[in-house]
>>> print(open('protein_34.cif').read())   # mmCIF, C-alpha atoms
data_query
loop_
_atom_site.label_atom_id
_atom_site.label_comp_id
_atom_site.auth_asym_id
_atom_site.auth_seq_id
_atom_site.Cartn_x
_atom_site.Cartn_y
_atom_site.Cartn_z
CA MET A 30 119.55 108.39 112.75
CA SER A 31 118.50 107.30 116.25
CA ASP A 32 114.80 107.58 115.36
CA GLU A 33 115.36 105.43 112.26
CA LEU A 34 117.29 102.86 114.31
CA LEU A 35 114.58 102.83 116.95
CA ALA A 36 111.89 102.26 114.31
CA GLU A 37 113.86 99.35 112.83
CA LEU A 38 114.87 97.70 116.10
CA GLU A 39 111.72 98.04 118.24
CA PRO A 40 109.84 95.31 116.31
CA ILE A 41 112.79 92.93 116.73
CA VAL A 42 112.88 93.50 120.48
CA ALA A 43 109.07 93.21 120.71
CA GLN A 44 109.29 89.66 119.30
CA PHE A 45 110.92 88.71 122.61
CA ASP A 46 108.11 90.33 124.65
CA LEU A 47 110.45 93.15 125.71
CA ASP A 48 110.62 96.91 125.24
CA LEU A 49 113.50 98.82 123.74
CA ASP A 50 113.80 101.17 126.70
CA GLU A 51 116.74 103.23 125.53
CA LEU A 52 118.92 103.49 122.43
CA ARG A 53 122.12 105.49 122.39
CA LEU A 54 124.59 105.84 119.52
CA THR A 55 127.88 107.46 120.50
CA LYS A 56 131.28 107.88 118.91
CA ALA A 57 134.31 106.21 120.49
CA GLY A 58 137.47 106.97 118.55
CA LYS A 59 137.18 105.64 114.99
CA ARG A 60 134.15 103.53 115.77
CA ARG A 61 130.69 104.00 117.15
CA VAL A 62 128.96 102.33 120.10
CA LEU A 63 125.30 101.37 119.78
CA GLU A 64 123.94 100.81 123.28
CA ILE A 65 120.52 99.24 123.62
CA VAL A 66 118.75 98.93 126.97
CA LEU A 67 115.93 96.41 127.33
CA ASP A 68 113.07 96.26 129.80
CA GLY A 69 110.05 94.04 130.29
CA ASP A 70 107.05 93.42 132.47
CA HIS A 71 108.60 90.20 133.80
CA GLY A 72 112.21 91.32 134.02
CA VAL A 73 114.96 90.65 131.52
CA ASP A 74 116.58 87.21 131.42
CA LEU A 75 120.25 87.13 130.40
CA ASP A 76 119.63 84.29 127.93
CA VAL A 77 116.97 86.41 126.25
CA VAL A 78 119.37 89.38 126.16
CA ALA A 79 121.81 87.16 124.22
CA GLN A 80 119.04 86.12 121.82
CA VAL A 81 117.94 89.73 121.28
CA SER A 82 121.55 90.78 120.75
CA ARG A 83 122.03 88.11 118.06
CA ALA A 84 118.75 89.06 116.33
CA ILE A 85 119.68 92.77 116.31
CA SER A 86 123.20 92.02 115.11
CA GLU A 87 121.90 89.86 112.26
CA HIS A 88 119.43 92.59 111.26
CA LEU A 89 122.06 95.33 111.34
CA ASP A 90 124.51 93.18 109.35
CA ALA A 91 121.87 92.74 106.62
CA SER A 92 120.87 96.42 106.69
CA THR A 93 122.67 99.55 105.51
CA ILE A 94 121.33 101.75 108.33
CA MET A 95 124.64 101.73 110.27
CA GLY A 96 126.63 102.66 107.16
CA GLU A 97 130.22 101.54 106.56
CA LEU A 98 131.88 102.72 109.78
CA PRO A 99 132.55 99.97 112.34
CA TYR A 100 130.42 99.87 115.47
CA LEU A 101 130.21 97.99 118.73
CA LEU A 102 126.79 96.66 119.77
CA GLU A 103 126.03 96.57 123.50
CA VAL A 104 122.71 95.10 124.64
CA GLY A 105 121.68 94.92 128.29
CA SER A 106 118.90 95.38 130.81
CA ARG A 107 117.93 98.50 132.76
CA GLY A 108 119.24 97.22 136.05
CA VAL A 109 118.64 99.12 139.27
CA GLY A 110 121.07 101.96 138.54
CA ARG A 111 118.91 103.74 135.97
CA PRO A 112 116.39 106.41 136.96
CA LEU A 113 112.64 105.83 136.76
CA THR A 114 111.45 108.19 134.04
CA LYS A 115 108.64 106.48 132.13
CA PRO A 116 105.24 105.18 133.25
CA ALA A 117 106.36 101.59 132.58
CA HIS A 118 109.30 102.05 134.96
CA TRP A 119 106.93 102.96 137.78
CA SER A 120 104.40 100.19 137.16
CA ARG A 121 107.13 97.54 136.78
CA ASN A 122 108.68 98.50 140.09
CA ILE A 123 105.63 98.33 142.37
CA GLY A 124 106.79 96.92 145.68
CA ARG A 125 110.33 98.28 145.35
CA LEU A 126 111.94 100.89 147.57
CA VAL A 127 112.72 104.13 145.73
CA LYS A 128 114.48 107.41 146.52
CA VAL A 129 112.42 110.27 145.08
CA VAL A 130 113.61 113.87 144.69
CA GLY A 131 111.67 116.80 143.25
CA ASP A 132 110.73 120.42 143.91
CA ALA A 133 108.27 119.51 146.67
CA ILE A 134 109.55 116.06 147.66
CA ASP A 135 112.69 114.37 148.94
CA VAL A 136 111.78 110.98 150.41
CA THR A 137 112.53 107.27 150.32
CA GLY A 138 109.44 105.10 150.13
CA ARG A 139 108.00 101.91 148.70
CA ILE A 140 105.98 102.12 145.48
CA VAL A 141 102.56 100.71 146.35
CA ALA A 142 100.56 101.78 143.29
CA PHE A 143 100.85 103.57 139.99
CA ASP A 144 97.91 105.18 138.16
CA ASP A 145 99.51 107.35 135.49
CA PRO A 146 100.56 110.04 136.32
CA LEU A 147 100.20 109.37 140.06
CA VAL A 148 102.61 107.16 141.95
CA THR A 149 101.65 106.16 145.49
CA LEU A 150 104.51 105.73 147.92
CA ASP A 151 104.49 104.24 151.39
CA VAL A 152 106.74 106.57 153.36
CA ASP A 153 107.21 105.32 156.93
CA GLY A 154 103.73 103.80 156.99
CA GLN A 155 102.00 106.83 155.45
CA GLU A 156 100.80 106.74 151.86
CA ARG A 157 101.72 109.71 149.72
CA SER A 158 100.63 110.27 146.10
CA VAL A 159 102.88 112.24 143.79
CA ASP A 160 102.61 113.14 140.12
CA TYR A 161 105.69 111.40 138.70
CA THR A 162 106.14 114.20 136.14
CA THR A 163 107.04 116.55 139.03
CA ILE A 164 109.84 114.26 140.20
CA SER A 165 113.28 115.32 139.04
CA ARG A 166 115.05 112.09 140.07
CA ALA A 167 113.87 108.65 141.19
CA MET A 168 116.19 105.71 141.78
CA ILE A 169 115.55 102.20 143.06
CA GLU A 170 117.20 101.61 146.42
CA VAL A 171 119.01 98.29 146.71
CA GLU A 172 117.71 96.45 149.76
CA PHE A 173 119.65 93.96 151.79
CA ASN A 174 117.24 92.11 154.03
CA ARG A 175 117.56 89.24 156.48
CA LYS A 176 116.02 86.71 154.06
CA ALA A 177 118.56 87.54 151.35
CA ILE A 178 121.44 87.28 153.81
CA GLU A 179 120.18 83.93 155.11
CA ASP A 180 119.85 82.64 151.55
CA LEU A 181 123.51 83.43 150.87
CA SER A 182 124.74 80.79 153.27
CA ASP A 183 122.78 78.17 155.15
CA ASP A 184 126.03 77.17 156.90
CA GLU A 185 126.42 80.42 158.85
CA SER A 186 125.13 80.58 162.39
CA GLU A 187 122.42 83.00 163.47
CA ASP A 188 125.05 85.12 165.29
CA ASP A 189 127.15 85.44 162.10
CA VAL A 190 124.12 86.71 160.20
CA GLU A 191 123.30 89.29 162.88
CA ASP A 192 126.93 90.46 162.96
CA PHE A 193 126.87 90.85 159.18
CA GLU A 194 123.65 92.87 159.35
CA ASP A 195 125.15 95.19 161.96
CA GLU A 196 128.13 95.88 159.70
CA ALA A 197 125.92 96.63 156.67
#
>>> encode(input="protein_34.cif", output="structure tokens")
Amino acid sequence: MSDELLAELEPIVAQFDLDLDELRLTKAGKRRVLEIVLDGDHGVDLDVVAQVSRAISEHLDASTIMGELPYLLEVGSRGVGRPLTKPAHWSRNIGRLVKVVGDAIDVTGRIVAFDDPLVTLDVDGQERSVDYTTISRAMIEVEFNRKAIEDLSDDESEDDVEDFEDEA
């Protein structure tokens, strides 16, 4: 059923210039949960997520594909907590810091280029190319930098910002 759902829902998501990155249908008690994860070249805006969710809901209500059993529809974006597994994940995250683990690699570096299947990482100033298909796990590292901290509060003094950085 997931393949049929994917075939029906991908065109709806594509109308919003997004990709249906992941679709999962699970059972939760007497109902089912249909989880849809969106991704896009320019990020995923929360207002657009709401629009996509309404469009999918309207389509599913008019269709018989979900059958008679009740279901809960959850639509969201990839966020930073999901692993990089597809070529689009790598190309969309150029410039981001990533933790990469595989048989011959265990490093944290910045993605500087992606030419499928090779991802180029800057690891401590040294470029390293790796075939992403040999990577068993890759996760975006959340970065807290001085600029982001300064943007949080223009009222804090320089000393407060430095103290906060030391604690982080």
>>> residues_near_point(input="protein_34.cif", point="(98.7, 105.8, 140.1)", cutoff="10 Å", atoms="all atoms listed in the file", output="PDB file with C-alpha atoms, in the coordinates of the input")
ATOM      1  CA  PRO A 116     105.240 105.180 133.250  1.00  0.00           C
ATOM      2  CA  TRP A 119     106.930 102.960 137.780  1.00  0.00           C
ATOM      3  CA  SER A 120     104.400 100.190 137.160  1.00  0.00           C
ATOM      4  CA  ILE A 140     105.980 102.120 145.480  1.00  0.00           C
ATOM      5  CA  VAL A 141     102.560 100.710 146.350  1.00  0.00           C
ATOM      6  CA  ALA A 142     100.560 101.780 143.290  1.00  0.00           C
ATOM      7  CA  PHE A 143     100.850 103.570 139.990  1.00  0.00           C
ATOM      8  CA  ASP A 144      97.910 105.180 138.160  1.00  0.00           C
ATOM      9  CA  ASP A 145      99.510 107.350 135.490  1.00  0.00           C
ATOM     10  CA  PRO A 146     100.560 110.040 136.320  1.00  0.00           C
ATOM     11  CA  LEU A 147     100.200 109.370 140.060  1.00  0.00           C
ATOM     12  CA  VAL A 148     102.610 107.160 141.950  1.00  0.00           C
ATOM     13  CA  THR A 149     101.650 106.160 145.490  1.00  0.00           C
ATOM     14  CA  LEU A 150     104.510 105.730 147.920  1.00  0.00           C
ATOM     15  CA  SER A 158     100.630 110.270 146.100  1.00  0.00           C
ATOM     16  CA  VAL A 159     102.880 112.240 143.790  1.00  0.00           C
ATOM     17  CA  ASP A 160     102.610 113.140 140.120  1.00  0.00           C
ATOM     18  CA  TYR A 161     105.690 111.400 138.700  1.00  0.00           C
TER      19      TYR A 161
END
>>> resolve_selection(input="protein_34.cif", expression="the PyMOL selection byres ((chain A and resi 41) around 12)", output="compact mmCIF listing (two decimals) with C-alpha atoms, keeping the file's coordinate frame")
# COMPACT_ATOMS: atom_id res chain seq x y z
CA LEU A 34 117.29 102.86 114.31
CA LEU A 35 114.58 102.83 116.95
CA ALA A 36 111.89 102.26 114.31
CA GLU A 37 113.86 99.35 112.83
CA LEU A 38 114.87 97.70 116.10
CA GLU A 39 111.72 98.04 118.24
CA PRO A 40 109.84 95.31 116.31
CA VAL A 42 112.88 93.50 120.48
CA ALA A 43 109.07 93.21 120.71
CA GLN A 44 109.29 89.66 119.30
CA PHE A 45 110.92 88.71 122.61
CA ASP A 46 108.11 90.33 124.65
CA LEU A 47 110.45 93.15 125.71
CA ASP A 48 110.62 96.91 125.24
CA LEU A 49 113.50 98.82 123.74
CA LEU A 67 115.93 96.41 127.33
CA GLN A 80 119.04 86.12 121.82
CA VAL A 81 117.94 89.73 121.28
CA SER A 82 121.55 90.78 120.75
CA ARG A 83 122.03 88.11 118.06
CA ALA A 84 118.75 89.06 116.33
CA ILE A 85 119.68 92.77 116.31
CA SER A 86 123.20 92.02 115.11
CA GLU A 87 121.90 89.86 112.26
CA HIS A 88 119.43 92.59 111.26
CA LEU A 89 122.06 95.33 111.34
>>> closest_residue(input="protein_34.cif", among="A:Gly131, A:Gly69, A:Gly108, A:Pro99", to="Ile169 of chain A", atoms="only C-alpha atoms")
A:Gly108
>>> atom_distance(input="protein_34.cif", atom1="atom CA of Asp32 of chain A", atom2="atom CA of Tyr100 of chain A")
17.4 Å
>>> resolve_selection(input="protein_34.cif", expression="the PyMOL selection byres ((chain A and resi 124) around 7)", output="ChimeraX atom specification")
/A:122-123,125-126,139-141
>>> write_last_selection(input="protein_34.cif", atoms="C-alpha atoms", output="mmCIF file, keeping the file's coordinate frame")
data_model
loop_
_atom_site.group_PDB
_atom_site.id
_atom_site.type_symbol
_atom_site.label_atom_id
_atom_site.label_comp_id
_atom_site.auth_asym_id
_atom_site.auth_seq_id
_atom_site.Cartn_x
_atom_site.Cartn_y
_atom_site.Cartn_z
ATOM 1 C CA ASN A 122 108.680 98.500 140.090
ATOM 2 C CA ILE A 123 105.630 98.330 142.370
ATOM 3 C CA ARG A 125 110.330 98.280 145.350
ATOM 4 C CA LEU A 126 111.940 100.890 147.570
ATOM 5 C CA ARG A 139 108.000 101.910 148.700
ATOM 6 C CA ILE A 140 105.980 102.120 145.480
ATOM 7 C CA VAL A 141 102.560 100.710 146.350
#
>>> atom_distance(input="protein_34.cif", atom1="atom CA of Arg107 of chain A", atom2="atom CA of Val127 of chain A")
15.1 Å
>>> atom_distance(input="protein_34.cif", atom1="atom CA of Val171 of chain A", atom2="atom CA of Gly110 of chain A")
9.2 Å
>>> residues_around(input="protein_34.cif", residues="Ala167 of chain A", least_positions_apart="4", cutoff="10 Å", atoms="all atoms listed in the file", output="number ranges by chain")
A: 111-114, 119, 127-131, 135-137, 161
>>> closest_residue(input="protein_34.cif", among="A:Val73, A:Glu33, A:Lys115, A:Gly138", to="Thr162 of chain A", atoms="all atoms listed in the file")
A:Lys115
>>> decode(input="protein_34.cif", residues="segment 43-197 of chain A", atoms="C-alpha atoms", output="JSON list (two decimals), in the first residue's frame")
[["chain", "number", "residue", "atom", "x", "y", "z"],
["A", 43, "ALA", "CA", 5.41, 18.29, -6.33],
["A", 44, "GLN", "CA", 2.82, 21.03, -6.98],
["A", 45, "PHE", "CA", 4.41, 22.88, -4.05],
["A", 46, "ASP", "CA", 7.94, 22.49, -5.48],
["A", 47, "LEU", "CA", 8.81, 19.95, -2.77],
["A", 48, "ASP", "CA", 9.78, 16.28, -2.65],
["A", 49, "LEU", "CA", 7.99, 13.59, -0.71],
["A", 50, "ASP", "CA", 11.14, 12.44, 1.07],
["A", 51, "GLU", "CA", 9.65, 9.72, 3.22],
["A", 52, "LEU", "CA", 6.26, 8.08, 3.71],
["A", 53, "ARG", "CA", 5.53, 5.78, 6.62],
["A", 54, "LEU", "CA", 2.24, 4.10, 7.48],
["A", 55, "THR", "CA", 2.16, 2.51, 10.92],
["A", 56, "LYS", "CA", -0.50, 1.10, 13.20],
["A", 57, "ALA", "CA", -1.22, 2.80, 16.53],
["A", 58, "GLY", "CA", -3.93, 0.98, 18.45],
["A", 59, "LYS", "CA", -7.17, 0.97, 16.46],
["A", 60, "ARG", "CA", -5.98, 3.61, 14.03],
["A", 61, "ARG", "CA", -3.12, 4.14, 11.66],
["A", 62, "VAL", "CA", -0.60, 6.96, 11.41],
["A", 63, "LEU", "CA", 0.43, 8.23, 7.99],
["A", 64, "GLU", "CA", 3.67, 10.18, 8.40],
["A", 65, "ILE", "CA", 4.89, 12.22, 5.46],
["A", 66, "VAL", "CA", 8.28, 13.94, 5.45],
["A", 67, "LEU", "CA", 8.88, 16.77, 2.98],
["A", 68, "ASP", "CA", 12.12, 18.18, 1.61],
["A", 69, "GLY", "CA", 13.02, 20.81, -0.94],
["A", 70, "ASP", "CA", 15.91, 22.57, -2.60],
["A", 71, "HIS", "CA", 15.07, 25.81, -0.78],
["A", 72, "GLY", "CA", 14.04, 24.37, 2.56],
["A", 73, "VAL", "CA", 10.53, 23.73, 3.78],
["A", 74, "ASP", "CA", 8.41, 26.65, 4.99],
["A", 75, "LEU", "CA", 5.90, 25.86, 7.74],
["A", 76, "ASP", "CA", 3.11, 27.69, 5.89],
["A", 77, "VAL", "CA", 3.75, 25.49, 2.87],
["A", 78, "VAL", "CA", 3.72, 22.39, 5.11],
["A", 79, "ALA", "CA", 0.22, 23.42, 6.24],
["A", 80, "GLN", "CA", -0.88, 23.89, 2.61],
["A", 81, "VAL", "CA", 0.55, 20.51, 1.58],
["A", 82, "SER", "CA", -1.10, 18.87, 4.57],
["A", 83, "ARG", "CA", -4.51, 20.31, 3.59],
["A", 84, "ALA", "CA", -4.06, 19.25, -0.05],
["A", 85, "ILE", "CA", -3.09, 15.69, 0.95],
["A", 86, "SER", "CA", -5.94, 15.48, 3.46],
["A", 87, "GLU", "CA", -8.47, 16.62, 0.86],
["A", 88, "HIS", "CA", -7.13, 14.08, -1.63],
["A", 89, "LEU", "CA", -7.22, 11.22, 0.87],
["A", 90, "ASP", "CA", -10.74, 12.16, 1.98],
["A", 91, "ALA", "CA", -11.93, 11.96, -1.64],
["A", 92, "SER", "CA", -10.02, 8.71, -2.29],
["A", 93, "THR", "CA", -10.60, 5.15, -1.10],
["A", 94, "ILE", "CA", -6.89, 4.31, -0.85],
["A", 95, "MET", "CA", -6.82, 4.58, 2.98],
["A", 96, "GLY", "CA", -9.88, 2.34, 3.34],
["A", 97, "GLU", "CA", -12.40, 2.68, 6.16],
["A", 98, "LEU", "CA", -10.11, 2.52, 9.19],
["A", 99, "PRO", "CA", -9.38, 5.88, 10.83],
["A", 100, "TYR", "CA", -5.93, 7.38, 10.42],
["A", 101, "LEU", "CA", -3.90, 10.31, 11.65],
["A", 102, "LEU", "CA", -2.03, 12.38, 9.05],
["A", 103, "GLU", "CA", 1.29, 13.90, 10.12],
["A", 104, "VAL", "CA", 3.16, 16.11, 7.64],
["A", 105, "GLY", "CA", 6.50, 17.73, 8.43],
["A", 106, "SER", "CA", 9.97, 18.57, 7.18],
["A", 107, "ARG", "CA", 13.16, 16.52, 7.40],
["A", 108, "GLY", "CA", 14.74, 18.71, 10.03],
["A", 109, "VAL", "CA", 18.34, 18.18, 11.10],
["A", 110, "GLY", "CA", 17.73, 14.97, 13.05],
["A", 111, "ARG", "CA", 17.30, 12.70, 10.04],
["A", 112, "PRO", "CA", 20.25, 10.92, 8.42],
["A", 113, "LEU", "CA", 21.56, 11.89, 4.99],
["A", 114, "THR", "CA", 20.79, 8.89, 2.79],
["A", 115, "LYS", "CA", 19.86, 10.17, -0.67],
["A", 116, "PRO", "CA", 21.81, 12.23, -3.22],
["A", 117, "ALA", "CA", 19.40, 15.15, -2.73],
["A", 118, "HIS", "CA", 20.18, 15.18, 1.00],
["A", 119, "TRP", "CA", 23.87, 15.67, 0.27],
["A", 120, "SER", "CA", 23.45, 18.35, -2.39],
["A", 121, "ARG", "CA", 20.92, 20.29, -0.31],
["A", 122, "ASN", "CA", 23.26, 20.39, 2.67],
["A", 123, "ILE", "CA", 26.41, 21.76, 1.03],
["A", 124, "GLY", "CA", 28.03, 24.10, 3.52],
["A", 125, "ARG", "CA", 26.68, 22.25, 6.57],
["A", 126, "LEU", "CA", 28.74, 20.41, 9.17],
["A", 127, "VAL", "CA", 28.13, 16.66, 9.16],
["A", 128, "LYS", "CA", 29.21, 13.67, 11.27],
["A", 129, "VAL", "CA", 30.06, 10.79, 8.92],
["A", 130, "VAL", "CA", 30.58, 7.17, 9.98],
["A", 131, "GLY", "CA", 31.39, 4.21, 7.75],
["A", 132, "ASP", "CA", 33.72, 1.22, 7.42],
["A", 133, "ALA", "CA", 36.72, 3.38, 6.49],
["A", 134, "ILE", "CA", 35.63, 6.75, 7.90],
["A", 135, "ASP", "CA", 34.61, 8.35, 11.18],
["A", 136, "VAL", "CA", 34.92, 12.14, 10.89],
["A", 137, "THR", "CA", 33.12, 15.43, 11.31],
["A", 138, "GLY", "CA", 33.53, 17.78, 8.38],
["A", 139, "ARG", "CA", 31.81, 20.41, 6.27],
["A", 140, "ILE", "CA", 30.20, 19.34, 3.00],
["A", 141, "VAL", "CA", 31.91, 21.41, 0.31],
["A", 142, "ALA", "CA", 30.74, 19.59, -2.83],
["A", 143, "PHE", "CA", 28.62, 16.72, -4.03],
["A", 144, "ASP", "CA", 29.08, 14.97, -7.39],
["A", 145, "ASP", "CA", 27.03, 11.79, -7.11],
["A", 146, "PRO", "CA", 28.24, 9.47, -5.65],
["A", 147, "LEU", "CA", 31.18, 11.47, -4.26],
["A", 148, "VAL", "CA", 30.78, 13.86, -1.37],
["A", 149, "THR", "CA", 33.69, 16.19, -0.61],
["A", 150, "LEU", "CA", 34.20, 17.06, 3.03],
["A", 151, "ASP", "CA", 36.45, 19.69, 4.55],
["A", 152, "VAL", "CA", 37.92, 17.94, 7.59],
["A", 153, "ASP", "CA", 40.11, 20.31, 9.60],
["A", 154, "GLY", "CA", 41.15, 22.20, 6.47],
["A", 155, "GLN", "CA", 41.83, 19.08, 4.39],
["A", 156, "GLU", "CA", 39.44, 18.04, 1.64],
["A", 157, "ARG", "CA", 38.42, 14.41, 1.62],
["A", 158, "SER", "CA", 36.20, 12.74, -1.01],
["A", 159, "VAL", "CA", 34.06, 9.80, 0.00],
["A", 160, "ASP", "CA", 31.56, 7.68, -1.91],
["A", 161, "TYR", "CA", 28.37, 8.37, 0.06],
["A", 162, "THR", "CA", 27.15, 4.80, -0.59],
["A", 163, "THR", "CA", 29.98, 3.54, 1.67],
["A", 164, "ILE", "CA", 28.79, 5.71, 4.58],
["A", 165, "SER", "CA", 26.70, 3.85, 7.12],
["A", 166, "ARG", "CA", 25.51, 6.96, 9.00],
["A", 167, "ALA", "CA", 25.65, 10.70, 8.29],
["A", 168, "MET", "CA", 23.96, 13.32, 10.47],
["A", 169, "ILE", "CA", 23.96, 17.10, 10.31],
["A", 170, "GLU", "CA", 25.71, 18.63, 13.31],
["A", 171, "VAL", "CA", 23.87, 21.56, 14.87],
["A", 172, "GLU", "CA", 26.22, 24.53, 15.05],
["A", 173, "PHE", "CA", 26.05, 27.30, 17.58],
["A", 174, "ASN", "CA", 28.24, 30.13, 16.40],
["A", 175, "ARG", "CA", 29.00, 33.62, 17.67],
["A", 176, "LYS", "CA", 26.78, 35.30, 15.05],
["A", 177, "ALA", "CA", 23.75, 33.22, 16.07],
["A", 178, "ILE", "CA", 24.35, 33.95, 19.75],
["A", 179, "GLU", "CA", 24.69, 37.68, 19.07],
["A", 180, "ASP", "CA", 21.47, 37.64, 17.04],
["A", 181, "LEU", "CA", 19.57, 36.18, 20.00],
["A", 182, "SER", "CA", 19.96, 39.31, 22.06],
["A", 183, "ASP", "CA", 21.37, 42.67, 21.07],
["A", 184, "ASP", "CA", 20.94, 43.78, 24.70],
["A", 185, "GLU", "CA", 23.57, 41.43, 26.13],
["A", 186, "SER", "CA", 27.08, 42.72, 26.66],
["A", 187, "GLU", "CA", 30.09, 41.23, 24.90],
["A", 188, "ASP", "CA", 31.18, 39.58, 28.19],
["A", 189, "ASP", "CA", 27.77, 37.85, 28.56],
["A", 190, "VAL", "CA", 28.08, 36.41, 25.06],
["A", 191, "GLU", "CA", 31.60, 35.09, 25.73],
["A", 192, "ASP", "CA", 30.47, 33.55, 29.04],
["A", 193, "PHE", "CA", 27.58, 31.85, 27.23],
["A", 194, "GLU", "CA", 29.95, 30.47, 24.58],
["A", 195, "ASP", "CA", 32.25, 29.07, 27.25],
["A", 196, "GLU", "CA", 29.34, 27.21, 28.86],
["A", 197, "ALA", "CA", 28.17, 25.73, 25.53]]
